[in-house]
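To start, the structure under review is shown below, and the notes come after it.
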Amino acid sequence: MKEEQIIRCPALVDVHVHFREPGFSYKETIRSGSMAAAAGGYTCVCPMPNLDPVPDSVENLERELEIIRRDACIDVRPYASITIGRKGIEPVDLAALKGKAVAFSDDGSGVQNPAMMLRAMEAAAENGCIIAAHCEDNSLLHGGYIHDGQYARAHGHRGISSRSEWAQIERDLELAARTGCAYHVCHISTRESVRLIREAKASGVNVSCETAPHYLLLSENDLQEDGRFKMNPPLREEEDRQALLEGLRDGTIDMIATDHAPHSAAEKSRGLEHSAMGIVGLETAFPVLYTGLVRTGEISLERLIELMSTAPRRRFNLPEAPHDYALFDVSRPYVIDSGTFRSMGHSTPFDGMQVWGRCIRTVYRDNTVYSI
C-alpha cells in the first residue's frame, strides 16, 4: 500500500469569483459559495460585482457586506464596480468605496470608452486602488460564443477573436503607464495578452494578471457540444495554452484565479451556442492544477502555491493569515464528481477527470471550516 502523502500549505486565495448574491441567489449564495471555497482549500475569496444591485455605492455594497457578515464561513472581500451600474458611462466614487471594496472591476464586461477608463485609472491612482479589468472589445465580438478557431469553423459556430481580448489590454496598458495606476488584468487567455503584459512589466508598468485553470489545462481541442465547455473568455488554441504556461514559468502571470461562475442546470444545458457563459472551479482548482501542472513537471509545487495563495494576497493587499491552512491528499487519486459539490453550480469541463490532491481539511482563523 502506498504511503499517505499530505501537503500542508497556506490556505488558497481567489481574487475572482462570482457568488451571485444579492440578485441571483438561484445560481449561488454567499453561504454556498463560501462553503465551496472552503471545500477547495480557500479561506479568502473576492466576489465580482455583476450583481443586483450593482455594488456601485456605499449603500449597495453594504447590502452585500451584510449578507457576507451573516453567511460567509471564510473571508469574503467583494469588489465594487468601476462604473455606475457597470454601464461604462459614469465612474463610481472610488474615494467613498475604497475602504470597503478590495478593488474595482466591471467584470462581465469591458469598459468600452477609453476616456472613461482613463478617468477611473486616474481616480484609482489618486486613491491607491486597484483597477481589475475584464478586457473585451464589444465591437469585435460579432455574436461569437466560442473561440474563433478550427473547432468553430468545423462545427458551424460563431467565433470570438483573440483580438477582442488583447486589443483592450493593449489600450489599458497605455493608460496604466500614463496614470501610474495599479492595474490587474482578469482571466487572460491569449498568447498576445501574455506578450503585451510581459513587455509592459519590463517597461515598468504597475500591472499584474491572472489566468484560470481551464485555460492552462484545456484548449479548443477539448471542446464538446456541451455547455460545461462554455466560458468567457473561451478556450483558445493550443499555442495560447502553451504561451500561458510559459507566462507562469517566467513570472509574467502573477496568479491563478478560478473565475468561479455558477449557473443553474437549465442555463447550462443548452449546448455551446445557447448555454450561459461560465463554469464553477473552486472545488476543482487545486487538484486539476496539481495533477496537470505539478505531477507533469510543468511547474513546481512551490510555484503553484505562490500562484494560488501568496501572490494574490500580496498584490491585493490582503491581510496575512498565519492561522489559515489547507491539507491536500496527493497520495491517492479520485474522480471529480460535480454531484458532490457544495456549490449550487455543477457545470465543469473537469467532471469525471481522475486527479490527485483532494482537499481533506481547511482551517480558517484556527477553526476547521471543511474536513472529510
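Here, A, B, ... name the chains of the C-alpha cells in the order displayed, residue numbers run from 1 inside each chain, and ligands are numbered from 1 in the same displayed order.
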Which polymer residues have any atom within 7 Å of an atom of segment 16-28 of chain A, counting only C-alpha atoms, with same-chain residues fewer than 3 positions away left out, as a VMD selection string?
-> chain A and resid 32 to 33 45 to 48 51 to 53 64 257 to 264 343 to 345
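Closest to Gly85 of chain A among A:Leu12, A:Ala133, A:Ile68, A:Val54 is A:Val54, based on only C-alpha atoms.
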With distances taken over only C-alpha atoms, which of A:Phe229, A:Trp166, A:Tyr325, A:Phe104 is nearest to Ile84 of chain A?
-> A:Phe104
Alpha helix (DSSP H) positions in segment 120-176 of chain A, given as number ranges by chain | A: 120-127, 150-155, 163-176
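Every protein or nucleic acid residue with an atom no more than 9 Å from Asp137 of chain A, counting only C-alpha atoms and leaving out same-chain residues fewer than 2 positions away, appears here: Ser109, Gly110, Val111, Gln112, Cys135, Ser139, Leu140, Leu141, Arg163, Ser164, Glu165, Trp166, Ala167 and Gln168 of chain A.
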Would you save the residues of that selection, restricted to N, CA and C atoms, as a PDB file, in the first residue's frame?
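Result written to out_36.pdb:
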ATOM      1  N   SER A 109     -18.052  42.559 -18.282  1.00  0.00           N
ATOM      2  CA  SER A 109     -17.998  43.400 -19.473  1.00  0.00           C
ATOM      3  C   SER A 109     -16.784  44.304 -19.383  1.00  0.00           C
ATOM      4  N   GLY A 110     -16.239  44.639 -20.527  1.00  0.00           N
ATOM      5  CA  GLY A 110     -15.115  45.562 -20.566  1.00  0.00           C
ATOM      6  C   GLY A 110     -15.604  47.003 -20.561  1.00  0.00           C
ATOM      7  N   VAL A 111     -14.779  47.905 -20.068  1.00  0.00           N
ATOM      8  CA  VAL A 111     -15.080  49.335 -20.150  1.00  0.00           C
ATOM      9  C   VAL A 111     -14.744  49.773 -21.572  1.00  0.00           C
ATOM     10  N   GLN A 112     -15.767  50.072 -22.343  1.00  0.00           N
ATOM     11  CA  GLN A 112     -15.579  50.298 -23.776  1.00  0.00           C
ATOM     12  C   GLN A 112     -14.976  51.653 -24.108  1.00  0.00           C
ATOM     13  N   CYS A 135     -11.195  42.478 -19.931  1.00  0.00           N
ATOM     14  CA  CYS A 135     -10.827  43.128 -21.191  1.00  0.00           C
ATOM     15  C   CYS A 135     -11.524  42.456 -22.368  1.00  0.00           C
ATOM     16  N   SER A 139     -16.980  45.621 -29.919  1.00  0.00           N
ATOM     17  CA  SER A 139     -17.098  45.826 -31.368  1.00  0.00           C
ATOM     18  C   SER A 139     -16.465  44.691 -32.164  1.00  0.00           C
ATOM     19  N   LEU A 140     -15.712  43.832 -31.486  1.00  0.00           N
ATOM     20  CA  LEU A 140     -15.030  42.728 -32.167  1.00  0.00           C
ATOM     21  C   LEU A 140     -15.666  41.367 -31.876  1.00  0.00           C
ATOM     22  N   LEU A 141     -16.799  41.356 -31.182  1.00  0.00           N
ATOM     23  CA  LEU A 141     -17.387  40.069 -30.785  1.00  0.00           C
ATOM     24  C   LEU A 141     -18.208  39.418 -31.889  1.00  0.00           C
ATOM     25  N   ARG A 163      -8.306  38.946 -30.670  1.00  0.00           N
ATOM     26  CA  ARG A 163      -8.112  40.405 -30.654  1.00  0.00           C
ATOM     27  C   ARG A 163      -9.103  41.107 -29.733  1.00  0.00           C
ATOM     28  N   SER A 164     -10.294  40.560 -29.584  1.00  0.00           N
ATOM     29  CA  SER A 164     -11.283  41.197 -28.720  1.00  0.00           C
ATOM     30  C   SER A 164     -10.781  41.292 -27.279  1.00  0.00           C
ATOM     31  N   GLU A 165      -9.885  40.384 -26.894  1.00  0.00           N
ATOM     32  CA  GLU A 165      -9.269  40.450 -25.569  1.00  0.00           C
ATOM     33  C   GLU A 165      -8.031  41.340 -25.565  1.00  0.00           C
ATOM     34  N   TRP A 166      -7.077  41.011 -26.442  1.00  0.00           N
ATOM     35  CA  TRP A 166      -5.774  41.667 -26.299  1.00  0.00           C
ATOM     36  C   TRP A 166      -5.771  43.127 -26.751  1.00  0.00           C
ATOM     37  N   ALA A 167      -6.687  43.508 -27.630  1.00  0.00           N
ATOM     38  CA  ALA A 167      -6.713  44.910 -28.066  1.00  0.00           C
ATOM     39  C   ALA A 167      -7.071  45.838 -26.905  1.00  0.00           C
ATOM     40  N   GLN A 168      -7.985  45.392 -26.047  1.00  0.00           N
ATOM     41  CA  GLN A 168      -8.341  46.237 -24.913  1.00  0.00           C
ATOM     42  C   GLN A 168      -7.250  46.204 -23.842  1.00  0.00           C
TER      43      GLN A 168
END
Can you tell me, as JSON, numbers by chain, what residues are no more than 9 Å from Ser338 of chain A when counting only C-alpha atoms, ignoring any on the same chain fewer than 6 positions away?
-> {"A": [345, 346, 347, 348, 350, 351, 352]}
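Omitting Ala96 of chain A and its sequence neighbours fewer than 5 positions away, and counting only C-alpha atoms, the residues within 10 Å are Ser57, Val58, Ala101 and Asn127 of chain A.
Across A:Asp107, A:Asp56, A:Asp71, A:Asp222, the tightest approach to Leu94 of chain A is made by A:Asp56 when counting only C-alpha atoms.
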Using only C-alpha atoms, determine which residues lie at most 12 Å from Pro287 of chain A, disregarding the query and same-chain residues fewer than 6 positions distant; provide the list as a PDB file with N, CA, C and O atoms, in the first residue's frame.
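What follows is the written file around34.pdb:
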ATOM      1  N   ILE A   7      -0.059  17.224   1.752  1.00  0.00           N
ATOM      2  CA  ILE A   7       0.550  18.543   1.611  1.00  0.00           C
ATOM      3  C   ILE A   7      -0.181  19.509   2.533  1.00  0.00           C
ATOM      4  O   ILE A   7      -1.415  19.611   2.500  1.00  0.00           O
ATOM      5  N   ALA A  39     -14.267  24.035   0.759  1.00  0.00           N
ATOM      6  CA  ALA A  39     -14.070  22.654   0.312  1.00  0.00           C
ATOM      7  C   ALA A  39     -12.923  22.530  -0.683  1.00  0.00           C
ATOM      8  O   ALA A  39     -12.394  21.431  -0.892  1.00  0.00           O
ATOM      9  N   GLY A  40     -12.521  23.643  -1.296  1.00  0.00           N
ATOM     10  CA  GLY A  40     -11.407  23.634  -2.230  1.00  0.00           C
ATOM     11  C   GLY A  40     -10.091  24.067  -1.625  1.00  0.00           C
ATOM     12  O   GLY A  40      -9.083  24.137  -2.331  1.00  0.00           O
ATOM     13  N   GLY A  41     -10.083  24.400  -0.332  1.00  0.00           N
ATOM     14  CA  GLY A  41      -8.860  24.832   0.323  1.00  0.00           C
ATOM     15  C   GLY A  41      -8.687  26.333   0.416  1.00  0.00           C
ATOM     16  O   GLY A  41      -7.625  26.815   0.810  1.00  0.00           O
ATOM     17  N   PRO A 213      -7.573  27.943 -14.293  1.00  0.00           N
ATOM     18  CA  PRO A 213      -7.161  26.550 -14.531  1.00  0.00           C
ATOM     19  C   PRO A 213      -7.552  26.015 -15.896  1.00  0.00           C
ATOM     20  O   PRO A 213      -6.760  25.302 -16.541  1.00  0.00           O
ATOM     21  N   LEU A 217      -5.077  24.163 -18.813  1.00  0.00           N
ATOM     22  CA  LEU A 217      -5.160  22.714 -18.988  1.00  0.00           C
ATOM     23  C   LEU A 217      -5.943  22.279 -20.219  1.00  0.00           C
ATOM     24  O   LEU A 217      -5.808  21.137 -20.664  1.00  0.00           O
ATOM     25  N   GLY A 281     -15.364  26.386 -10.322  1.00  0.00           N
ATOM     26  CA  GLY A 281     -13.966  25.998 -10.265  1.00  0.00           C
ATOM     27  C   GLY A 281     -13.342  25.906  -8.890  1.00  0.00           C
ATOM     28  O   GLY A 281     -12.232  25.399  -8.751  1.00  0.00           O
ATOM     29  N   LEU A 293      -0.215  20.170 -13.807  1.00  0.00           N
ATOM     30  CA  LEU A 293       0.978  21.004 -13.902  1.00  0.00           C
ATOM     31  C   LEU A 293       2.135  20.530 -13.026  1.00  0.00           C
ATOM     32  O   LEU A 293       3.279  20.542 -13.455  1.00  0.00           O
ATOM     33  N   VAL A 294       1.843  20.120 -11.799  1.00  0.00           N
ATOM     34  CA  VAL A 294       2.914  19.720 -10.885  1.00  0.00           C
ATOM     35  C   VAL A 294       3.356  18.288 -11.156  1.00  0.00           C
ATOM     36  O   VAL A 294       4.541  18.005 -11.327  1.00  0.00           O
ATOM     37  N   ARG A 295       2.406  17.372 -11.242  1.00  0.00           N
ATOM     38  CA  ARG A 295       2.773  15.971 -11.488  1.00  0.00           C
ATOM     39  C   ARG A 295       3.421  15.771 -12.857  1.00  0.00           C
ATOM     40  O   ARG A 295       4.188  14.829 -13.063  1.00  0.00           O
ATOM     41  N   LEU A 301       5.608  22.535  -7.149  1.00  0.00           N
ATOM     42  CA  LEU A 301       4.555  22.701  -6.141  1.00  0.00           C
ATOM     43  C   LEU A 301       4.672  24.068  -5.481  1.00  0.00           C
ATOM     44  O   LEU A 301       3.659  24.740  -5.235  1.00  0.00           O
ATOM     45  N   LEU A 304       3.138  26.654  -7.665  1.00  0.00           N
ATOM     46  CA  LEU A 304       1.678  26.562  -7.660  1.00  0.00           C
ATOM     47  C   LEU A 304       1.103  27.224  -6.416  1.00  0.00           C
ATOM     48  O   LEU A 304       0.119  27.977  -6.494  1.00  0.00           O
ATOM     49  N   LEU A 327      -5.041  21.248   3.854  1.00  0.00           N
ATOM     50  CA  LEU A 327      -4.381  19.956   3.701  1.00  0.00           C
ATOM     51  C   LEU A 327      -4.910  19.278   2.447  1.00  0.00           C
ATOM     52  O   LEU A 327      -6.131  19.194   2.253  1.00  0.00           O
ATOM     53  N   PHE A 328      -3.998  18.792   1.603  1.00  0.00           N
ATOM     54  CA  PHE A 328      -4.364  18.107   0.371  1.00  0.00           C
ATOM     55  C   PHE A 328      -3.716  16.721   0.349  1.00  0.00           C
ATOM     56  O   PHE A 328      -2.510  16.589   0.592  1.00  0.00           O
ATOM     57  N   ASP A 329      -4.515  15.721   0.035  1.00  0.00           N
ATOM     58  CA  ASP A 329      -4.021  14.351  -0.064  1.00  0.00           C
ATOM     59  C   ASP A 329      -3.575  14.094  -1.503  1.00  0.00           C
ATOM     60  O   ASP A 329      -4.402  14.050  -2.416  1.00  0.00           O
ATOM     61  N   VAL A 330      -2.266  13.943  -1.696  1.00  0.00           N
ATOM     62  CA  VAL A 330      -1.743  13.705  -3.042  1.00  0.00           C
ATOM     63  C   VAL A 330      -1.254  12.267  -3.218  1.00  0.00           C
ATOM     64  O   VAL A 330      -0.568  11.956  -4.194  1.00  0.00           O
ATOM     65  N   SER A 331      -1.619  11.397  -2.291  1.00  0.00           N
ATOM     66  CA  SER A 331      -1.126  10.020  -2.356  1.00  0.00           C
ATOM     67  C   SER A 331      -2.045   9.094  -3.128  1.00  0.00           C
ATOM     68  O   SER A 331      -1.619   8.025  -3.564  1.00  0.00           O
ATOM     69  N   ARG A 332      -3.295   9.476  -3.282  1.00  0.00           N
ATOM     70  CA  ARG A 332      -4.237   8.588  -3.972  1.00  0.00           C
ATOM     71  C   ARG A 332      -5.152   9.403  -4.883  1.00  0.00           C
ATOM     72  O   ARG A 332      -5.575  10.508  -4.517  1.00  0.00           O
ATOM     73  N   PRO A 333      -5.461   8.885  -6.047  1.00  0.00           N
ATOM     74  CA  PRO A 333      -6.324   9.627  -6.974  1.00  0.00           C
ATOM     75  C   PRO A 333      -7.793   9.498  -6.604  1.00  0.00           C
ATOM     76  O   PRO A 333      -8.198   8.599  -5.859  1.00  0.00           O
ATOM     77  N   TYR A 334      -8.573  10.413  -7.135  1.00  0.00           N
ATOM     78  CA  TYR A 334     -10.030  10.316  -7.044  1.00  0.00           C
ATOM     79  C   TYR A 334     -10.606  10.914  -8.317  1.00  0.00           C
ATOM     80  O   TYR A 334      -9.898  11.563  -9.091  1.00  0.00           O
ATOM     81  N   VAL A 335     -11.875  10.677  -8.557  1.00  0.00           N
ATOM     82  CA  VAL A 335     -12.541  11.153  -9.763  1.00  0.00           C
ATOM     83  C   VAL A 335     -13.458  12.315  -9.400  1.00  0.00           C
ATOM     84  O   VAL A 335     -14.272  12.206  -8.475  1.00  0.00           O
ATOM     85  N   ILE A 336     -13.303  13.427 -10.096  1.00  0.00           N
ATOM     86  CA  ILE A 336     -14.159  14.590  -9.846  1.00  0.00           C
ATOM     87  C   ILE A 336     -15.607  14.244 -10.173  1.00  0.00           C
ATOM     88  O   ILE A 336     -15.917  13.767 -11.264  1.00  0.00           O
ATOM     89  N   PHE A 350     -14.181  19.544 -16.106  1.00  0.00           N
ATOM     90  CA  PHE A 350     -13.330  18.544 -15.455  1.00  0.00           C
ATOM     91  C   PHE A 350     -14.129  17.417 -14.813  1.00  0.00           C
ATOM     92  O   PHE A 350     -13.545  16.541 -14.170  1.00  0.00           O
ATOM     93  N   MET A 353     -12.878  13.613 -14.425  1.00  0.00           N
ATOM     94  CA  MET A 353     -11.422  13.547 -14.553  1.00  0.00           C
ATOM     95  C   MET A 353     -10.809  12.913 -13.308  1.00  0.00           C
ATOM     96  O   MET A 353     -11.195  13.215 -12.179  1.00  0.00           O
ATOM     97  N   GLN A 354      -9.835  12.023 -13.495  1.00  0.00           N
ATOM     98  CA  GLN A 354      -9.096  11.460 -12.364  1.00  0.00           C
ATOM     99  C   GLN A 354      -7.982  12.416 -11.977  1.00  0.00           C
ATOM    100  O   GLN A 354      -7.180  12.819 -12.822  1.00  0.00           O
ATOM    101  N   VAL A 355      -7.931  12.774 -10.692  1.00  0.00           N
ATOM    102  CA  VAL A 355      -6.979  13.773 -10.218  1.00  0.00           C
ATOM    103  C   VAL A 355      -6.372  13.342  -8.889  1.00  0.00           C
ATOM    104  O   VAL A 355      -6.893  12.467  -8.185  1.00  0.00           O
ATOM    105  N   TRP A 356      -5.272  13.997  -8.555  1.00  0.00           N
ATOM    106  CA  TRP A 356      -4.640  13.883  -7.252  1.00  0.00           C
ATOM    107  C   TRP A 356      -4.723  15.234  -6.561  1.00  0.00           C
ATOM    108  O   TRP A 356      -4.702  16.270  -7.216  1.00  0.00           O
ATOM    109  N   GLY A 357      -4.806  15.219  -5.227  1.00  0.00           N
ATOM    110  CA  GLY A 357      -4.800  16.480  -4.497  1.00  0.00           C
ATOM    111  C   GLY A 357      -6.143  16.855  -3.908  1.00  0.00           C
ATOM    112  O   GLY A 357      -6.479  18.040  -3.843  1.00  0.00           O
ATOM    113  N   ARG A 358      -6.879  15.884  -3.426  1.00  0.00           N
ATOM    114  CA  ARG A 358      -8.174  16.182  -2.801  1.00  0.00           C
ATOM    115  C   ARG A 358      -7.952  16.986  -1.519  1.00  0.00           C
ATOM    116  O   ARG A 358      -7.090  16.659  -0.685  1.00  0.00           O
ATOM    117  N   CYS A 359      -8.719  18.045  -1.355  1.00  0.00           N
ATOM    118  CA  CYS A 359      -8.682  18.806  -0.106  1.00  0.00           C
ATOM    119  C   CYS A 359      -9.331  17.977   1.001  1.00  0.00           C
ATOM    120  O   CYS A 359     -10.480  17.521   0.846  1.00  0.00           O
ATOM    121  N   ILE A 360      -8.617  17.785   2.092  1.00  0.00           N
ATOM    122  CA  ILE A 360      -9.169  16.995   3.191  1.00  0.00           C
ATOM    123  C   ILE A 360      -9.435  17.839   4.435  1.00  0.00           C
ATOM    124  O   ILE A 360     -10.168  17.417   5.326  1.00  0.00           O
TER     125      ILE A 360
END
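In this structure, atom CA of Leu307 of chain A sits 6.3 Å away from atom CA of Asp254 of chain A.
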